[in-house]
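Structure file entry.txt; described as compact mmCIF, C-alpha atoms.
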# COMPACT_ATOMS: atom_id res chain seq x y z
CA MET A 178 -52.39 65.93 54.11
CA ASN A 179 -51.00 62.65 55.32
CA LYS A 180 -48.48 60.54 53.46
CA GLU A 181 -51.17 58.23 52.10
CA GLU A 182 -53.00 61.09 50.46
CA GLU A 183 -49.78 62.47 49.09
CA ASN A 184 -49.02 59.13 47.46
CA LYS A 185 -52.48 59.07 45.99
CA THR A 186 -51.96 62.48 44.41
CA LYS A 187 -48.62 61.41 42.98
CA VAL A 188 -50.13 58.26 41.48
CA GLU A 189 -52.84 60.27 39.77
CA ASN A 190 -50.21 62.43 38.11
CA THR A 191 -48.07 59.62 36.70
CA ASN A 192 -48.74 57.32 33.73
CA PRO A 193 -51.49 54.67 33.89
CA GLN A 194 -49.06 51.70 34.03
CA VAL A 195 -47.47 52.93 37.19
CA ILE A 196 -50.93 53.63 38.58
CA GLU A 197 -52.04 50.10 37.91
CA GLU A 198 -48.86 48.71 39.47
CA GLU A 199 -49.37 50.55 42.64
CA THR A 200 -53.11 50.26 43.04
CA PHE A 201 -52.73 47.55 45.65
CA ILE A 202 -50.69 49.95 47.71
CA ALA A 203 -53.40 52.53 47.71
CA ASP A 204 -56.45 50.65 48.72
CA ASN A 205 -59.07 53.28 49.10
CA ASP A 206 -61.36 51.48 51.41
CA ASN A 207 -58.64 50.79 53.99
CA ALA A 208 -59.56 47.07 53.90
CA ILE A 209 -57.07 44.34 54.66
CA ASN A 210 -55.90 42.65 51.44
CA LEU A 211 -54.89 39.16 52.51
CA ILE A 212 -54.04 38.01 48.97
CA PRO A 213 -52.45 40.96 47.36
CA ILE A 214 -52.98 41.38 43.63
CA MET A 215 -49.89 40.52 41.56
CA SER A 216 -48.21 43.34 39.79
CA LYS A 217 -47.55 43.08 36.03
CA SER A 218 -43.84 42.50 36.55
CA GLU A 219 -44.67 39.67 38.93
CA VAL A 220 -47.04 38.17 36.36
CA VAL A 221 -44.28 38.38 33.72
CA ALA A 222 -41.78 36.78 36.12
CA GLU A 223 -44.27 34.02 36.90
CA LYS A 224 -44.87 33.37 33.19
CA LYS A 225 -41.11 33.25 32.63
CA LYS A 226 -40.82 30.68 35.39
CA VAL A 227 -43.50 28.52 33.74
CA LYS A 228 -41.81 28.86 30.37
CA LEU A 229 -38.49 27.95 31.92
CA ASN A 230 -39.97 24.87 33.54
CA ILE A 231 -41.56 23.75 30.26
CA THR A 232 -38.27 24.31 28.43
CA ALA A 233 -36.45 22.31 31.10
CA ILE A 234 -38.96 19.46 30.78
CA ILE A 235 -38.69 19.49 26.98
CA SER A 236 -34.88 19.51 27.22
CA ILE A 237 -34.89 16.55 29.60
CA ILE A 238 -37.31 14.63 27.36
CA THR A 239 -35.18 15.43 24.32
CA PHE A 240 -32.09 14.32 26.20
CA LEU A 241 -33.88 11.13 27.14
CA PHE A 242 -34.82 10.45 23.52
CA VAL A 243 -31.28 11.18 22.36
CA THR A 244 -29.97 8.80 25.04
CA ILE A 245 -32.40 6.09 23.98
CA GLY A 246 -31.47 6.71 20.34
CA ILE A 247 -27.78 6.34 21.04
CA VAL A 248 -28.28 3.21 23.14
CA VAL A 249 -30.42 1.65 20.39
CA PHE A 250 -27.90 2.68 17.73
CA ALA A 251 -25.03 1.12 19.68
CA ALA A 252 -27.02 -2.05 20.38
CA VAL A 253 -28.05 -2.43 16.74
CA GLY A 254 -24.44 -1.86 15.68
CA ARG A 255 -23.25 -4.56 18.06
CA PHE A 256 -25.81 -7.06 16.79
CA GLN A 257 -24.91 -6.26 13.19
CA VAL A 258 -21.20 -6.77 13.92
CA GLU A 259 -21.83 -10.09 15.66
CA ASP A 260 -24.02 -11.26 12.80
CA ALA A 261 -21.48 -10.19 10.18
CA GLN A 262 -18.66 -11.87 12.10
CA SER A 263 -20.47 -15.19 12.19
CA LYS A 264 -21.15 -14.93 8.43
CA LEU A 265 -17.50 -14.07 7.83
CA ALA A 266 -16.37 -17.10 9.83
CA LYS A 267 -18.55 -19.31 7.61
CA GLN A 268 -17.11 -17.71 4.47
CA GLU A 269 -13.57 -18.22 5.77
CA GLN A 270 -14.28 -21.91 6.26
CA GLU A 271 -15.64 -22.16 2.71
CA VAL A 272 -12.55 -20.45 1.29
CA LYS A 273 -10.21 -22.65 3.35
CA GLY A 274 -11.83 -25.58 1.58
CA LEU A 275 -10.30 -24.22 -1.64
CA SER A 276 -6.82 -24.00 -0.11
CA SER A 277 -5.24 -26.64 -2.37
CA LYS A 278 -6.29 -24.68 -5.45
CA ILE A 279 -5.01 -21.42 -3.96
CA LEU A 280 -1.68 -22.99 -2.99
CA SER A 281 -1.23 -24.46 -6.48
CA ASN A 282 -2.04 -21.08 -7.99
CA ASN A 283 0.50 -19.44 -5.67
CA GLU A 284 3.15 -21.96 -6.64
CA ILE A 285 2.63 -21.16 -10.31
CA LEU A 286 2.59 -17.45 -9.54
CA SER A 287 5.90 -17.58 -7.68
CA ARG A 288 7.45 -19.16 -10.79
CA ILE A 289 5.86 -16.57 -13.05
CA TYR A 290 7.26 -13.77 -10.85
CA LEU A 291 10.69 -15.40 -10.90
CA TYR A 292 10.56 -15.54 -14.68
CA LYS A 293 9.43 -11.90 -14.86
CA ASP A 294 12.18 -10.85 -12.48
CA ILE A 295 14.89 -12.65 -14.43
CA SER A 296 13.62 -11.64 -17.85
CA SER A 297 13.33 -7.96 -16.85
CA ASN A 298 17.15 -7.89 -16.53
CA GLN A 299 17.80 -9.72 -19.77
CA TYR A 300 19.90 -8.10 -22.43
CA SER A 301 21.58 -9.18 -25.60
CA PRO A 302 25.39 -9.17 -25.33
CA LYS A 303 25.48 -9.68 -29.09
CA LYS A 304 23.58 -6.44 -29.76
CA ILE A 305 25.75 -4.47 -27.34
CA PHE A 306 28.92 -5.90 -28.82
CA GLU A 307 27.75 -5.03 -32.34
CA TYR A 308 26.73 -1.53 -31.26
CA PHE A 309 30.18 -0.66 -29.91
CA THR A 310 31.93 -2.36 -32.80
CA LYS A 311 29.92 -0.12 -35.12
CA ILE A 312 30.96 3.02 -33.24
CA ALA A 313 34.59 1.88 -33.41
CA SER A 314 34.33 1.24 -37.14
CA PHE A 315 34.81 4.98 -37.95
CA ASP A 316 38.52 4.19 -38.01
CA SER A 317 39.80 0.85 -39.23
CA SER A 318 42.78 1.02 -36.88
CA ILE A 319 40.54 0.74 -33.79
CA ARG A 320 40.45 -2.82 -32.60
CA LEU A 321 38.33 -4.00 -29.68
CA ASN A 322 39.92 -6.95 -27.91
CA GLN A 323 38.03 -7.57 -24.71
CA PHE A 324 34.53 -6.96 -23.41
CA MET A 325 33.20 -7.34 -19.90
CA PHE A 326 29.39 -7.17 -19.57
CA ARG A 327 28.36 -6.46 -15.98
CA SER A 328 24.67 -5.73 -16.49
CA ASN A 329 22.31 -4.30 -19.07
CA THR A 330 23.62 -0.82 -18.27
CA ALA A 331 27.26 -1.36 -17.43
CA LEU A 332 30.18 -2.75 -19.35
CA SER A 333 33.83 -2.18 -19.94
CA PHE A 334 36.04 -2.92 -22.91
CA GLU A 335 39.65 -2.80 -23.94
CA GLY A 336 41.16 -2.16 -27.31
CA GLU A 337 43.88 -0.52 -29.27
CA GLY A 338 44.27 2.19 -31.87
CA GLU A 339 47.11 3.48 -34.00
CA SER A 340 47.41 6.93 -32.42
CA LEU A 341 46.29 9.08 -29.52
CA ASP A 342 44.28 11.18 -31.93
CA THR A 343 42.26 8.13 -33.05
CA VAL A 344 41.58 7.08 -29.48
CA ALA A 345 40.57 10.65 -28.56
CA ARG A 346 38.12 10.75 -31.45
CA PHE A 347 36.71 7.36 -30.40
CA TRP A 348 36.31 8.68 -26.86
CA TYR A 349 34.49 11.73 -28.22
CA LEU A 350 32.11 9.56 -30.26
CA LEU A 351 31.35 7.43 -27.25
CA SER A 352 30.64 10.43 -25.05
CA GLU A 353 28.30 11.92 -27.69
CA ASP A 354 26.29 8.73 -28.18
CA GLU A 355 22.65 8.91 -27.11
CA LYS A 356 22.58 5.46 -25.53
CA ILE A 357 25.69 6.08 -23.48
CA GLU A 358 25.24 7.94 -20.23
CA LYS A 359 28.78 7.91 -18.89
CA VAL A 360 32.20 7.18 -20.36
CA VAL A 361 35.27 6.80 -18.22
CA LEU A 362 38.68 6.32 -19.75
CA ASP A 363 39.99 3.68 -17.36
CA SER A 364 43.49 3.37 -18.76
CA LEU A 365 45.56 4.60 -21.64
CA SER A 366 49.04 3.50 -22.61
CA LYS A 367 51.11 4.38 -25.61
CA SER A 368 53.76 2.16 -27.11
CA ASP A 369 55.80 2.41 -30.29
CA GLN A 370 53.29 0.40 -32.29
CA ASN A 371 49.93 1.45 -30.90
CA VAL A 372 47.87 3.04 -28.15
CA ARG A 373 46.05 0.75 -25.73
CA PHE A 374 42.92 1.94 -24.00
CA SER A 375 40.15 0.71 -21.76
CA PHE A 376 36.78 2.37 -21.18
CA ILE A 377 34.15 1.90 -18.52
CA ILE A 378 30.71 2.58 -19.97
CA GLY A 379 27.46 3.42 -18.24
CA MET A 380 24.47 3.09 -20.55
CA THR A 381 21.04 4.66 -20.29
CA ASP A 382 18.39 2.61 -18.53
CA ASP A 383 16.83 -0.06 -20.68
CA ALA A 384 18.88 0.98 -23.70
CA PHE A 385 19.71 -2.64 -24.42
CA ASN A 386 16.97 -4.54 -22.68
CA THR A 387 15.74 -7.57 -24.56
CA ASN A 388 12.24 -6.11 -24.66
CA ASN A 389 13.49 -2.92 -26.33
CA LEU A 390 15.40 -4.93 -28.85
CA LYS A 391 12.27 -6.81 -29.79
CA ASP A 392 10.55 -3.50 -30.55
CA MET B 34 -48.67 57.89 61.30
CA VAL B 35 -48.97 54.94 58.88
CA PRO B 36 -52.10 52.83 59.37
CA LYS B 37 -51.61 49.20 60.33
CA THR B 38 -53.23 47.76 57.18
CA THR B 39 -51.06 49.83 54.93
CA LYS B 40 -47.99 48.76 56.85
CA LYS B 41 -49.05 45.10 56.45
CA ASN B 42 -49.48 45.65 52.73
CA LEU B 43 -46.09 47.22 52.46
CA ASP B 44 -44.51 44.37 54.41
CA SER B 45 -46.24 41.87 52.17
CA ILE B 46 -44.97 43.66 49.08
CA SER B 47 -41.44 43.81 50.38
CA ASP B 48 -41.63 40.07 51.20
CA ARG B 49 -42.81 39.27 47.71
CA ILE B 50 -40.13 41.45 46.19
CA LYS B 51 -37.59 39.61 48.33
CA ASN B 52 -39.05 36.28 47.15
CA THR B 53 -38.60 37.20 43.49
CA LYS B 54 -34.85 37.71 44.04
CA LEU B 55 -32.54 34.85 42.96
CA ARG B 56 -31.23 32.96 45.95
CA VAL B 57 -28.56 30.28 46.22
CA LYS B 58 -31.11 27.60 47.13
CA ASP B 59 -32.97 28.33 43.87
CA LEU B 60 -29.82 27.35 41.92
CA VAL B 61 -29.10 24.08 43.74
CA ILE B 62 -31.56 21.87 41.82
CA PRO B 63 -30.72 23.19 38.32
CA ILE B 64 -26.99 22.92 39.04
CA VAL B 65 -27.34 19.36 40.37
CA ILE B 66 -29.43 18.36 37.32
CA ALA B 67 -26.97 20.03 34.99
CA ILE B 68 -24.07 18.16 36.64
CA ILE B 69 -25.99 14.85 36.38
CA LEU B 70 -26.66 15.49 32.69
CA VAL B 71 -23.03 16.37 32.04
CA LEU B 72 -21.89 13.24 33.89
CA ILE B 73 -24.35 11.07 31.95
CA THR B 74 -23.14 12.65 28.73
CA VAL B 75 -19.45 12.20 29.54
CA PHE B 76 -19.53 8.74 31.11
CA LEU B 77 -22.41 7.12 29.28
CA LEU B 78 -23.28 8.84 26.05
CA VAL B 79 -19.79 9.66 24.78
CA PRO B 80 -18.47 6.09 25.31
CA MET B 81 -21.65 4.74 23.75
CA ILE B 82 -21.25 7.00 20.73
CA THR B 83 -17.58 5.99 20.47
CA LYS B 84 -18.55 2.34 20.72
CA ALA B 85 -21.29 2.79 18.13
CA ILE B 86 -18.80 4.42 15.73
CA GLU B 87 -16.37 1.58 16.44
CA TYR B 88 -19.09 -0.96 15.58
CA ARG B 89 -19.78 0.91 12.34
CA ASN B 90 -16.10 0.78 11.42
CA GLN B 91 -15.87 -2.89 12.36
CA LEU B 92 -18.90 -3.59 10.26
CA LYS B 93 -17.36 -1.78 7.31
CA SER B 94 -14.15 -3.75 7.69
CA ILE B 95 -16.05 -7.06 7.97
CA LYS B 96 -18.15 -6.18 4.91
CA SER B 97 -15.00 -5.40 2.96
CA LYS B 98 -13.47 -8.73 4.08
CA GLN B 99 -16.67 -10.52 3.06
CA GLU B 100 -16.52 -8.90 -0.37
CA GLN B 101 -12.87 -9.89 -0.65
CA LEU B 102 -13.69 -13.50 0.25
CA ILE B 103 -16.59 -13.58 -2.22
CA SER B 104 -14.28 -12.26 -4.94
CA LEU B 105 -11.55 -14.75 -3.93
CA LYS B 106 -14.01 -17.64 -3.98
CA THR B 107 -15.37 -16.59 -7.37
CA ASN B 108 -11.87 -16.27 -8.84
CA VAL B 109 -10.66 -19.56 -7.39
CA GLU B 110 -13.76 -21.39 -8.58
CA LYS B 111 -13.13 -20.06 -12.09
CA LEU B 112 -9.84 -22.02 -12.19
CA SER B 113 -10.24 -25.48 -13.55
CA GLU B 114 -8.72 -27.93 -11.09
CA GLU B 115 -7.61 -30.26 -13.85
CA GLN B 116 -5.94 -27.53 -15.89
CA LEU B 117 -4.37 -26.06 -12.76
CA THR B 118 -2.74 -29.37 -11.86
CA LYS B 119 -1.51 -29.83 -15.42
CA ASP B 120 -0.08 -26.31 -15.58
CA LEU B 121 1.57 -26.69 -12.19
CA ILE B 122 3.34 -29.87 -13.29
CA GLU B 123 4.56 -28.18 -16.48
CA VAL B 124 5.75 -25.02 -14.78
CA LYS B 125 7.48 -27.04 -12.08
CA SER B 126 9.45 -28.92 -14.70
CA VAL B 127 10.87 -25.60 -15.98
CA ILE B 128 11.47 -24.10 -12.55
CA PRO B 129 11.79 -27.18 -10.35
CA ARG B 130 12.09 -27.56 -6.60
CA THR B 131 15.71 -28.52 -7.08
CA LEU B 132 17.65 -28.21 -10.27
CA LYS B 133 19.83 -31.15 -11.22
CA VAL B 134 23.32 -29.86 -11.83
CA SER B 135 24.03 -32.64 -14.29
CA SER B 136 20.99 -31.83 -16.43
CA PHE B 137 21.77 -28.17 -16.35
CA ILE B 138 25.41 -28.43 -17.33
CA PHE B 139 24.58 -31.12 -19.83
CA TYR B 140 22.16 -28.78 -21.51
CA ILE B 141 24.60 -25.85 -21.64
CA ASP B 142 27.31 -28.08 -23.01
CA GLU B 143 24.90 -29.37 -25.65
CA LEU B 144 24.13 -25.79 -26.63
CA ALA B 145 27.84 -24.95 -26.88
CA ARG B 146 28.42 -28.01 -29.04
CA GLU B 147 25.58 -26.97 -31.33
CA LYS B 148 27.37 -23.65 -31.74
CA ASN B 149 30.70 -25.36 -32.47
CA LEU B 150 32.34 -24.02 -29.36
CA THR B 151 35.08 -25.78 -27.47
CA ALA B 152 34.85 -26.05 -23.73
CA ASP B 153 37.61 -24.52 -21.68
CA SER B 154 36.19 -25.20 -18.25
CA ILE B 155 32.90 -26.18 -16.67
CA SER B 156 32.11 -26.20 -13.01
CA ALA B 157 28.92 -25.79 -11.02
CA GLY B 158 27.70 -25.41 -7.47
CA ASP B 159 24.63 -24.42 -5.54
CA VAL B 160 24.32 -20.78 -4.73
CA ASN B 161 21.57 -18.79 -3.11
CA ILE B 162 20.37 -16.07 -5.43
CA ARG B 163 18.44 -13.12 -4.06
CA THR B 164 16.18 -11.07 -6.23
CA LYS B 165 15.63 -7.33 -5.79
CA GLU B 166 12.42 -7.81 -3.83
CA GLU B 167 13.96 -10.40 -1.61
CA GLU B 168 17.10 -8.54 -0.71
CA GLU B 169 15.19 -7.12 2.23
CA LYS B 170 14.21 -10.59 3.41
CA GLN B 171 16.50 -12.86 5.37
CA ASP B 172 16.59 -15.87 3.05
CA GLY B 173 16.11 -15.77 -0.66
CA LYS B 174 13.34 -18.03 -1.87
CA TYR B 175 14.89 -18.38 -5.30
CA LYS B 176 17.92 -20.54 -5.57
CA GLY B 177 20.19 -21.19 -8.45
CA VAL B 178 22.79 -23.54 -9.76
CA THR B 179 25.69 -21.55 -10.99
CA GLY B 180 29.22 -21.94 -12.16
CA PRO B 181 31.88 -20.39 -14.34
CA LEU B 182 31.82 -21.62 -17.88
CA ALA B 183 34.42 -20.94 -20.56
CA TYR B 184 34.18 -21.69 -24.26
CA TYR B 185 35.94 -20.49 -27.32
CA GLY B 186 35.14 -20.34 -30.99
CA SER B 187 34.36 -17.90 -33.74
CA LEU B 188 32.92 -14.54 -32.75
CA GLU B 189 29.63 -15.25 -34.49
CA ASN B 190 29.19 -18.57 -32.71
CA VAL B 191 30.17 -17.14 -29.36
CA LEU B 192 27.65 -14.31 -29.65
CA SER B 193 24.96 -16.68 -30.88
CA PHE B 194 25.69 -18.94 -27.91
CA LEU B 195 25.24 -16.03 -25.53
CA ASP B 196 21.93 -15.01 -27.07
CA SER B 197 20.68 -18.59 -27.06
CA PHE B 198 20.75 -18.79 -23.29
CA TYR B 199 17.45 -16.98 -23.08
CA THR B 200 15.66 -18.39 -26.07
CA SER B 201 16.88 -21.95 -26.20
CA SER B 202 17.31 -23.00 -22.62
CA PRO B 203 14.33 -24.87 -21.25
CA TYR B 204 15.38 -23.75 -17.79
CA ILE B 205 15.26 -20.22 -16.46
CA VAL B 206 18.82 -19.06 -16.72
CA SER B 207 20.65 -15.82 -16.31
CA PRO B 208 24.22 -15.14 -17.39
CA GLN B 209 26.32 -12.87 -15.21
CA ASN B 210 29.72 -11.28 -15.63
CA ILE B 211 30.05 -12.21 -19.29
CA SER B 212 33.49 -11.55 -20.67
CA LEU B 213 34.59 -11.79 -24.27
CA ALA B 214 38.25 -11.84 -25.15
CA ARG B 215 40.01 -12.13 -28.45
CA ARG B 216 42.40 -15.09 -28.68
CA GLY B 217 44.02 -14.77 -32.08
CA ASP B 218 41.31 -15.43 -34.67
CA LYS B 219 38.91 -16.80 -32.12
CA TRP B 220 37.09 -15.42 -29.14
CA GLU B 221 36.81 -16.82 -25.67
CA VAL B 222 33.66 -16.36 -23.64
CA LYS B 223 33.58 -16.67 -19.87
CA VAL B 224 30.31 -16.52 -18.10
CA ASN B 225 28.75 -17.27 -14.76
CA LEU B 226 25.51 -18.95 -15.69
CA THR B 227 22.79 -19.45 -13.14
CA GLY B 228 19.81 -21.74 -13.55
CA PHE B 229 17.02 -21.01 -11.11
CA TYR B 230 14.81 -23.17 -9.01
CA ILE B 231 12.39 -22.54 -6.17
CA VAL B 232 12.70 -24.11 -2.78
CA GLU B 233 9.30 -25.07 -1.52
CA GLU B 234 8.13 -24.71 2.04
CA GLU B 235 7.39 -27.88 3.95
CA SER B 236 3.99 -26.70 5.07
CA PRO B 237 2.94 -23.92 2.76
CA SER B 238 0.38 -21.51 4.07
CA PHE B 239 -1.44 -18.54 2.67
CA ASN B 240 -3.28 -15.51 3.91
CA ILE B 241 -6.81 -15.57 2.58
CA TYR B 242 -6.98 -11.78 2.82
CA SER B 243 -3.89 -11.13 0.72
CA PRO B 244 -4.78 -9.95 -2.78
CA PHE B 245 -5.48 -12.85 -5.10
CA LYS B 246 -4.11 -12.95 -8.60
CA ALA B 247 -4.98 -15.83 -10.87
CA TYR B 248 -2.03 -17.31 -12.77
CA THR B 249 -4.22 -17.31 -15.88
CA ASP B 250 -3.79 -13.52 -16.01
CA PHE B 251 -0.20 -14.08 -17.17
CA SER B 252 -1.10 -16.02 -20.28
CA GLU B 253 1.95 -14.76 -22.23
CA ILE B 254 4.46 -15.92 -19.62
CA MET B 255 2.53 -19.14 -19.14
CA GLY B 256 2.85 -19.71 -22.88
CA ILE B 257 6.65 -19.31 -22.68
CA LEU B 258 6.95 -21.59 -19.66
CA LYS B 259 4.71 -24.22 -21.25
CA ALA B 260 6.79 -24.14 -24.43
CA LYS B 261 9.93 -24.67 -22.35
CA ALA B 262 8.23 -27.53 -20.49
CA LYS B 263 7.20 -29.12 -23.75
CA ARG B 264 10.78 -28.91 -24.96
CA LEU B 265 12.13 -30.41 -21.76
CA ASN B 266 9.65 -33.26 -21.95
CA SER B 267 10.41 -33.97 -25.56
CA GLU B 268 14.15 -34.03 -24.82
CA GLY B 269 13.56 -36.31 -21.87
CA HIS B 270 15.46 -34.26 -19.25
Entire entry expressed as structure tokens:
Amino acid sequence: MNKEEENKTKVENTNPQVIEEETFIADNDNAINLIPIMSKSEVVAEKKKVKLNITAIISIITFLFVTIGIVVFAAVGRFQVEDAQSKLAKQEQEVKGLSSKILSNNEILSRIYLYKDISSNQYSPKKIFEYFTKIASFDSSIRLNQFMFRSNTALSFEGEGESLDTVARFWYLLSEDEKIEKVVLDSLSKSDQNVRFSFIIGMTDDAFNTNNLKD
Amino acid sequence: MVPKTTKKNLDSISDRIKNTKLRVKDLVIPIVIAIILVLITVFLLVPMITKAIEYRNQLKSIKSKQEQLISLKTNVEKLSEEQLTKDLIEVKSVIPRTLKVSSFIFYIDELAREKNLTADSISAGDVNIRTKEEEEKQDGKYKGVTGPLAYYGSLENVLSFLDSFYTSSPYIVSPQNISLARRGDKWEVKVNLTGFYIVEEESPSFNIYSPFKAYTDFSEIMGILKAKAKRLNSEGH
């Protein structure tokens, strides 16, 4: 048995797919096959190639559309911006025609802001003076002689009392007061007749603002 | 021995099998196309997309400016030109471009006399006052006439005098460094009193895109300033 016949026998024994694949190898009539029949794997490969080509074409077309879309989008955006800019320029001209009114309004506003700024720091020295005089009134020997108002939250005063004990109690009352944030005994001197003292006071924010007093 | 036809078939098959194999020349076209696409994407599409986004943002900004201008125009047109001019004149009389020292001191002295206080000393000079907001700026826009004043009288009158600065003065004034000292039965008050005025620019300008606030929104303050102006006008200062 020659090799050809052996192959034939082998093919008969294997599964039909393999047989079909190899039929072109085993031409029975010994004729010359100028255009050999494609095997199944070759057909599958060929189909894949076609699919691949179609996918490539679709991708390129899609890419083209995306490109066109982006170009159009950018162009439309540019036209819109140019159009809006020209409208804005017209509006600016119209508003500039109202400049005298705007400037007058600004002049009034600057004065209003000045007033607000000044009045926000206003306080009543009378109320502060009366407040501390009232605290000092716990002892009739306490006498306040001099006040220095620095701002609505800072002041200092000088006075005298009959004894160190009186001044110490006054100091305690000041330090316990809700409107007073800080009390510093600036000086203290004792003579035969009396005790002289001076305090530096820091008050809580807005404790004596004019607006609060109105309330 | 293998017959010739069979050998030809086998050769043909082996050729076809060889042809199905991936060769370098098969990859040249796809690679070149891929490179072209990448280049187009990087150098054409990406800048175009960036530009398009930029245009969108510009458009948004322009639209917002347009809205701002429309709102500004509407608000400005709401202001009556006649009333605006009248209010400006009144407000300027209370906070003038320059404050006359004589008028200012005259007024304070009048107030002290009303309160039965005796003058110890009066002096005045121009000083540049900076407000909190303007401390950061080089030159303060607000200016003031200031000077140390000293009066003495009864405690009640002195305190009333101090409180009257705010309520009675037709000018915008602010006392600083107030000191009260007992002098026998009487009290002496020393104060640095500043009356404010606003120096105007020679060629005022404005930014149309800065937020606009109509002065009519501050009706309460306008009421106070108008009352002061009325008082000034009636007193003829």
Within 7 Å of chain B: residues of chain A, using all atoms listed in the file, as an NGL selection string: :A and (202 or 207 or 209 or 244 or 247-248 or 250-251 or 254-255 or 258 or 261-262 or 265 or 268 or 272 or 278-279 or 281-282 or 285-286 or 288-289 or 292 or 295 or 301-303 or 322-327)
Quick one: residues within 9 Å of Asn149 (chain B), all atoms listed in the file counted, chain neighbours fewer than 2 positions away excluded, as a list in words?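 The neighbour list is Leu144, Ala145, Arg146, Glu147, Thr151, Tyr185, Gly186, Ser187, Asn190 and Val191 of chain B.
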Record the distance separating CA of Glu223 (chain A) and CA of Phe242 (chain A), expressed in Å with one decimal.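 CA of Glu223 (chain A) sits 28.7 Å away from CA of Phe242 (chain A).
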Kindly give the distance, in Å, that separates CA of Ile138 (chain B) and CA of Ser202 (chain B), rounded to a single decimal. 11.1 Å
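The space between CA of Ser366 (chain A) and CA of Leu332 (chain A) spans 20.1 Å.
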